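Content type compact mmCIF, C-alpha atoms, from the file query_24.txt:
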```txt
# COMPACT_ATOMS: atom_id res chain seq x y z
CA MET K 169 0.00 0.00 0.00
CA LYS K 170 2.77 2.44 0.90
CA ALA K 171 4.63 1.53 -2.30
CA LEU K 172 1.58 2.27 -4.45
CA LYS K 173 0.95 5.52 -2.58
CA THR K 174 4.56 6.59 -3.13
CA ILE K 175 4.27 6.07 -6.89
CA THR K 176 0.83 7.66 -7.33
CA ASN K 177 1.83 10.63 -5.18
CA GLY K 178 3.99 12.00 -7.98
CA ILE K 179 1.29 11.44 -10.58
CA PHE K 180 -1.65 13.04 -8.78
CA LYS K 181 -1.29 14.61 -5.33
CA GLU K 182 2.16 16.14 -5.85
CA ASN K 183 2.49 16.20 -9.62
CA PRO K 184 5.70 18.21 -10.04
CA THR K 185 4.47 20.23 -13.01
CA LEU K 186 0.74 20.67 -12.48
CA ARG K 187 0.55 20.75 -8.66
CA LEU K 188 3.98 21.93 -7.46
CA VAL K 189 4.73 24.00 -10.60
CA LEU K 190 8.34 22.82 -10.83
CA GLY K 191 10.37 22.30 -14.00
CA THR K 192 8.44 24.96 -15.93
CA CYS K 193 11.41 25.92 -18.13
CA PRO K 194 11.52 22.63 -20.11
CA THR K 195 7.72 22.40 -19.86
CA LEU K 196 7.27 25.64 -21.77
CA ALA K 197 10.19 25.09 -24.14
CA ILE K 198 9.86 21.54 -25.47
CA THR K 199 6.11 20.88 -25.44
CA THR K 200 5.70 21.85 -29.09
CA SER K 201 6.03 18.17 -30.02
CA THR K 202 4.75 15.03 -28.28
CA THR K 203 7.76 13.08 -29.55
CA ASN K 204 10.15 15.49 -27.86
CA VAL K 205 8.39 15.29 -24.50
CA LEU K 206 8.65 11.50 -24.39
CA GLY K 207 12.41 11.80 -24.79
CA MET K 208 12.62 14.43 -22.06
CA GLY K 209 10.29 12.44 -19.80
CA VAL K 210 12.31 9.23 -20.09
CA ALA K 211 15.58 11.10 -19.54
CA ALA K 212 14.28 12.94 -16.47
CA THR K 213 12.75 9.76 -15.03
CA PHE K 214 16.04 7.86 -15.41
CA VAL K 215 17.95 10.65 -13.66
CA LEU K 216 15.30 10.90 -10.92
CA VAL K 217 15.34 7.18 -10.16
CA MET K 218 19.11 6.71 -10.26
CA SER K 219 20.00 9.88 -8.34
CA ASN K 220 17.35 9.14 -5.70
CA MET K 221 18.78 5.66 -5.19
CA ILE K 222 22.40 6.80 -4.89
CA ILE K 223 21.53 9.72 -2.62
CA SER K 224 19.48 7.39 -0.41
CA LEU K 225 22.41 4.96 -0.21
CA LEU K 226 24.83 7.73 0.76
CA ARG K 227 22.48 9.86 2.87
CA LYS K 228 24.24 8.99 6.13
CA GLN K 229 27.72 9.53 4.70
CA ILE K 230 27.13 12.92 3.07
CA PRO K 231 27.89 15.77 5.54
CA ASP K 232 24.95 18.10 6.01
CA LYS K 233 26.98 21.20 5.08
CA VAL K 234 27.82 19.91 1.60
CA ARG K 235 24.69 17.94 0.84
CA ILE K 236 23.42 20.24 -1.96
CA PRO K 237 26.75 20.27 -3.89
CA ALA K 238 26.95 16.51 -3.38
CA TYR K 239 23.42 16.01 -4.73
CA ILE K 240 24.15 18.16 -7.77
CA THR K 241 27.36 16.22 -8.48
CA ILE K 242 25.47 12.91 -8.34
CA ILE K 243 22.69 14.25 -10.56
CA ALA K 244 25.20 15.68 -13.04
CA GLY K 245 26.86 12.27 -13.38
CA PHE K 246 23.61 10.61 -14.48
CA VAL K 247 22.70 13.52 -16.76
CA SER K 248 26.07 13.09 -18.49
CA ILE K 249 25.28 9.40 -19.03
CA VAL K 250 21.89 10.28 -20.57
CA GLU K 251 23.44 12.94 -22.78
CA MET K 252 26.15 10.60 -24.11
CA ILE K 253 23.59 7.85 -24.82
CA MET K 254 21.36 10.29 -26.71
CA LYS K 255 24.25 11.66 -28.75
CA ALA K 256 25.32 8.12 -29.68
CA PHE K 257 21.95 6.48 -30.41
CA LEU K 258 19.35 9.28 -30.75
CA PRO K 259 21.16 12.22 -32.39
CA GLU K 260 17.98 13.77 -33.84
CA LEU K 261 16.24 13.76 -30.47
CA ASP K 262 19.40 15.10 -28.83
CA LYS K 263 19.46 17.95 -31.34
CA ALA K 264 15.75 18.69 -30.81
CA LEU K 265 16.05 18.83 -27.02
CA GLY K 266 19.32 20.76 -27.19
CA ILE K 267 20.37 22.53 -24.00
CA TYR K 268 17.44 21.16 -22.00
CA ILE K 269 19.11 17.79 -21.47
CA PRO K 270 22.18 19.28 -19.71
CA LEU K 271 19.83 21.58 -17.78
CA ILE K 272 18.28 18.52 -16.09
CA VAL K 273 21.20 18.94 -13.66
CA VAL K 274 19.53 22.01 -12.17
CA ASN K 275 15.95 20.87 -12.66
CA CYS K 276 14.11 21.78 -9.45
CA ILE K 277 12.08 18.55 -9.51
CA ILE K 278 15.16 16.35 -9.14
CA LEU K 279 16.87 18.47 -6.51
CA VAL K 280 13.68 18.84 -4.47
CA ARG K 281 13.06 15.07 -4.42
CA ALA K 282 16.66 14.47 -3.41
CA GLU K 283 16.35 16.92 -0.52
CA LEU K 284 12.82 16.09 0.66
CA PHE K 285 12.56 12.36 0.00
CA ALA K 286 15.70 10.46 -0.99
CA SER K 287 17.76 11.92 1.84
CA LYS K 288 15.20 10.67 4.38
CA ASN K 289 14.04 7.30 3.00
CA ASN K 290 15.49 3.94 2.02
CA VAL K 291 16.59 2.96 -1.48
CA PHE K 292 13.43 1.06 -2.41
CA TYR K 293 11.01 3.87 -1.64
CA SER K 294 13.38 6.47 -3.08
CA ALA K 295 13.37 4.55 -6.38
CA LEU K 296 9.56 4.39 -6.32
CA ASP K 297 9.39 8.11 -5.62
CA GLY K 298 11.62 8.74 -8.63
CA ILE K 299 9.39 6.58 -10.83
CA GLY K 300 6.23 8.33 -9.63
CA MET K 301 7.64 11.83 -10.04
CA GLY K 302 9.07 10.94 -13.45
CA LEU K 303 5.74 9.54 -14.63
CA GLY K 304 3.92 12.59 -13.30
CA PHE K 305 6.34 14.92 -15.09
CA THR K 306 6.09 12.93 -18.33
CA LEU K 307 2.29 12.77 -18.28
CA ALA K 308 2.05 16.51 -17.59
CA LEU K 309 4.42 17.26 -20.50
CA LEU K 310 2.46 14.91 -22.77
CA LEU K 311 -0.85 16.56 -21.86
CA ILE K 312 0.44 20.05 -22.57
CA ALA K 313 2.29 18.97 -25.73
CA SER K 314 -0.83 17.23 -27.07
CA PHE K 315 -2.82 20.41 -26.49
CA ARG K 316 -0.23 22.52 -28.33
CA GLU K 317 0.57 20.13 -31.18
CA ILE K 318 -3.05 19.39 -32.09
CA LEU K 319 -4.12 23.03 -32.04
CA GLY K 320 -0.88 24.46 -33.44
CA ASN K 321 0.06 21.88 -36.06
CA GLY K 322 -3.00 19.67 -36.52
CA THR K 323 -1.02 16.51 -35.70
CA TRP K 324 -0.40 14.19 -32.77
CA PHE K 325 2.80 12.06 -32.73
CA GLY K 326 3.13 13.01 -36.40
CA MET K 327 -0.33 11.66 -37.30
CA ASN K 328 -2.82 13.99 -38.98
CA VAL K 329 -5.65 14.91 -36.59
CA THR K 330 -7.22 18.19 -37.67
CA ARG K 331 -4.97 19.35 -40.51
CA GLY K 332 -7.07 20.02 -43.60
CA ALA K 333 -10.26 20.35 -41.56
CA ILE K 334 -9.27 23.19 -39.21
CA ASP K 335 -6.62 25.82 -39.82
CA PRO K 336 -3.84 25.38 -37.21
CA ALA K 337 -3.43 28.15 -34.65
CA MET K 338 0.26 28.83 -35.16
CA ILE K 339 0.51 30.75 -31.90
CA MET K 340 0.21 27.46 -30.00
CA ILE K 341 3.62 26.22 -31.19
CA LEU K 342 5.23 29.59 -30.48
CA PRO K 343 6.45 30.68 -27.01
CA PRO K 344 3.18 32.48 -26.10
CA GLY K 345 1.31 29.25 -26.84
CA GLY K 346 3.34 27.50 -24.17
CA PHE K 347 2.07 29.89 -21.52
CA ILE K 348 -1.50 29.63 -22.83
CA ALA K 349 -1.45 25.81 -22.80
CA PHE K 350 0.27 25.57 -19.42
CA GLY K 351 -2.11 28.03 -17.79
CA THR K 352 -5.16 26.34 -19.30
CA VAL K 353 -4.16 22.85 -18.15
CA VAL K 354 -3.30 24.04 -14.62
CA ALA K 355 -6.62 25.92 -14.44
CA ILE K 356 -8.53 22.77 -15.43
CA ILE K 357 -6.67 20.70 -12.82
CA ASN K 358 -7.42 23.30 -10.14
CA LYS K 359 -11.09 23.43 -11.17
CA PHE K 360 -11.30 19.64 -10.90
CA SER K 361 -9.76 19.85 -7.44
CA VAL K 362 -12.35 22.37 -6.20
CA VAL K 363 -15.24 20.33 -7.64
CA LYS K 364 -13.95 17.18 -5.95
CA VAL K 365 -13.65 18.94 -2.60
CA ARG K 366 -17.18 20.31 -2.94
CA LYS K 367 -18.56 16.80 -3.51
CA THR K 368 -16.47 14.71 -1.12
CA GLY K 369 -14.66 17.03 1.29
CA CYS K 370 -10.95 17.48 1.86
CA ALA K 371 -10.53 14.09 3.54
CA ALA K 372 -11.20 12.27 0.25
CA CYS K 373 -9.29 14.68 -1.98
CA THR K 374 -6.06 13.50 -3.63
CA MET K 375 -5.14 16.73 -5.35
CA GLY K 376 -2.72 17.96 -2.70
CA CYS K 377 -4.20 21.38 -1.95
CA PRO K 378 -2.02 23.39 0.47
CA THR K 379 -5.03 24.64 2.48
CA ASN K 380 -8.44 23.41 3.56
CA CYS K 381 -10.42 24.11 0.38
CA SER K 382 -13.76 23.06 1.84
CA LYS K 383 -13.80 26.13 4.08
CA GLU K 384 -13.15 28.35 1.06
CA VAL K 385 -15.89 26.60 -0.92
CA GLU K 386 -18.41 27.03 1.91
CA ALA K 387 -17.47 30.72 2.19
```

Take the structure in this file and express it as structure tokens.
Amino acid sequence: MKALKTITNGIFKENPTLRLVLGTCPTLAITTSTTNVLGMGVAATFVLVMSNMIISLLRKQIPDKVRIPAYITIIAGFVSIVEMIMKAFLPELDKALGIYIPLIVVNCIILVRAELFASKNNVFYSALDGIGMGLGFTLALLLIASFREILGNGTWFGMNVTRGAIDPAMIMILPPGGFIAFGTVVAIINKFSVVKVRKTGCAACTMGCPTNCSKEVEA
């Protein structure tokens, strides 16, 4: 039960992109294509899982005063592995993602999970936390990218969806479209959260609201 809760926590209650609003830089930059976000999602998930495991293993050996530099060094090592693999086997994807692969090193999602979870839990649960957070990040990217690609290009994973029937809204694949899509998706998630609280109360809510929403709804 705890294992399942640890995984689903990153997908729903503490989704790093839609609930905690972390990692917004790659979210806004690479969500013009669903293919790109899968590559970023897999890369970030790998780094999350591996860095969480290593940090959990070494949590008692890392001095408190240097824990952040130590975490960043560990994360950077796995990011370098991902970058070299992409350059060797997926050069087109590496070119499309560009600087955002190296920037995983300073991605707030990974550093926050290292500080708040991996440094306080065993290897097994730290790995599960990495999987859950990685899945949550990937699903959020995929949702936003689908929104932008369908409206902005009329395709989804390269397949024609609305092209020929509806003129694409080019703004959706431009930088302003990233903000529009991100804001819209977050607004829908927040609306769903309020509706759920109104029907079931905060005790049954899994959306991770920071305050007691039921009191606000009643007011």

>> Would you compute the distance between CA of Thr200 (chain K) and CA of Val354 (chain K)? Give it in Å to one decimal.
In response: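 Rounded to one decimal, the two atoms are 17.2 Å apart.
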
>> Just to confirm, what's the straight-line distance from CA of Ile175 (chain K) to CA of Ala313 (chain K) in Å (one decimal)?
In response: 22.9 Å

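For the pair CA of Phe292 (chain K) and CA of Met254 (chain K), the separation is 27.2 Å.
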
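Closest approach to Ala211 (chain K) from the set K:Met169, K:Leu190, K:Ile272, K:Ile223 is made by K:Ile272, with distances taken over all atoms listed in the file.
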
> Which residue, K:Met221, K:Ile253, K:Val353, K:Val234, has the smallest gap to Lys288 (chain K) when you use all atoms listed in the file?
Replying inline: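 Looking only at the distances to Lys288 (chain K), the closest residue turns out to be K:Met221.
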
>> For a quick check of understanding, using all atoms listed in the file, which of K:Ala286, K:Val205, K:Val210, K:Met338 has the smallest distance to Ile222 (chain K)?
In response: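 Among K:Ala286, K:Val205, K:Val210, K:Met338, it is K:Ala286 that comes nearest to Ile222 (chain K).
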
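If all atoms listed in the file are the atoms counted, then among K:Ile242, K:Ala282, K:Leu296, K:Leu309 the closest residue to Ser201 (chain K) is K:Leu309.
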
>> When you count all atoms listed in the file, which of these residues is closest to Thr176 (chain K): K:Ala264, K:Ile299, K:Met340, K:Leu319?
In response: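 Smallest separation from Thr176 (chain K) among the options: K:Ile299.
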
> Which of these residues is nearest to Val273 (chain K), using only C-alpha atoms: K:Val217, K:Ala244, K:Met301, K:Val329?
Replying inline: K:Ala244

Would you mind listing what lies within 7 Å of Val215 (chain K) as a PDB file with C-alpha atoms, keeping the file's coordinate frame, with only C-alpha atoms counted and same-chain residues fewer than 2 positions away left out?
```pdb
ATOM      1  CA  ALA K 211      15.580  11.100 -19.540  1.00  0.00           C
ATOM      2  CA  ALA K 212      14.280  12.940 -16.470  1.00  0.00           C
ATOM      3  CA  THR K 213      12.750   9.760 -15.030  1.00  0.00           C
ATOM      4  CA  VAL K 217      15.340   7.180 -10.160  1.00  0.00           C
ATOM      5  CA  MET K 218      19.110   6.710 -10.260  1.00  0.00           C
ATOM      6  CA  SER K 219      20.000   9.880  -8.340  1.00  0.00           C
ATOM      7  CA  ILE K 243      22.690  14.250 -10.560  1.00  0.00           C
ATOM      8  CA  PHE K 246      23.610  10.610 -14.480  1.00  0.00           C
ATOM      9  CA  VAL K 247      22.700  13.520 -16.760  1.00  0.00           C
TER      10      VAL K 247
END
```

> Counting all atoms listed in the file, what is within 10 Å of region 178-189 of chain K, bar same-chain residues fewer than 5 positions away, as number ranges by chain?
Replying inline: K: 173, 195, 276-278, 280-281, 296-309, 350-351, 353-358, 373-378

Provide region 339-351 of chain K rebuilt to N, CA and C atoms, formatted as a CSV table (one decimal), in the coordinates of the input.
```
chain,number,residue,atom,x,y,z
K,339,ILE,N,0.0,30.2,-33.2
K,339,ILE,CA,0.5,30.8,-31.9
K,339,ILE,C,0.8,29.7,-30.9
K,340,MET,N,0.1,28.5,-31.0
K,340,MET,CA,0.2,27.5,-30.0
K,340,MET,C,1.6,26.8,-30.0
K,341,ILE,N,2.3,26.8,-31.1
K,341,ILE,CA,3.6,26.2,-31.2
K,341,ILE,C,4.7,27.3,-31.0
K,342,LEU,N,4.3,28.5,-30.8
K,342,LEU,CA,5.2,29.6,-30.5
K,342,LEU,C,5.3,29.8,-29.0
K,343,PRO,N,6.3,30.5,-28.5
K,343,PRO,CA,6.4,30.7,-27.0
K,343,PRO,C,5.2,31.1,-26.3
K,344,PRO,N,4.4,32.1,-26.8
K,344,PRO,CA,3.2,32.5,-26.1
K,344,PRO,C,2.2,31.3,-25.9
K,345,GLY,N,2.2,30.4,-26.9
K,345,GLY,CA,1.3,29.2,-26.8
K,345,GLY,C,1.6,28.3,-25.7
K,346,GLY,N,2.9,28.3,-25.3
K,346,GLY,CA,3.3,27.5,-24.2
K,346,GLY,C,2.7,28.0,-22.9
K,347,PHE,N,2.7,29.3,-22.7
K,347,PHE,CA,2.1,29.9,-21.5
K,347,PHE,C,0.6,29.7,-21.5
K,348,ILE,N,-0.1,29.8,-22.7
K,348,ILE,CA,-1.5,29.6,-22.8
K,348,ILE,C,-1.9,28.2,-22.5
K,349,ALA,N,-1.1,27.2,-23.0
K,349,ALA,CA,-1.4,25.8,-22.8
K,349,ALA,C,-1.2,25.4,-21.3
K,350,PHE,N,-0.1,25.9,-20.8
K,350,PHE,CA,0.3,25.6,-19.4
K,350,PHE,C,-0.8,26.1,-18.5
K,351,GLY,N,-1.1,27.4,-18.7
K,351,GLY,CA,-2.1,28.0,-17.8
K,351,GLY,C,-3.5,27.4,-17.9
```
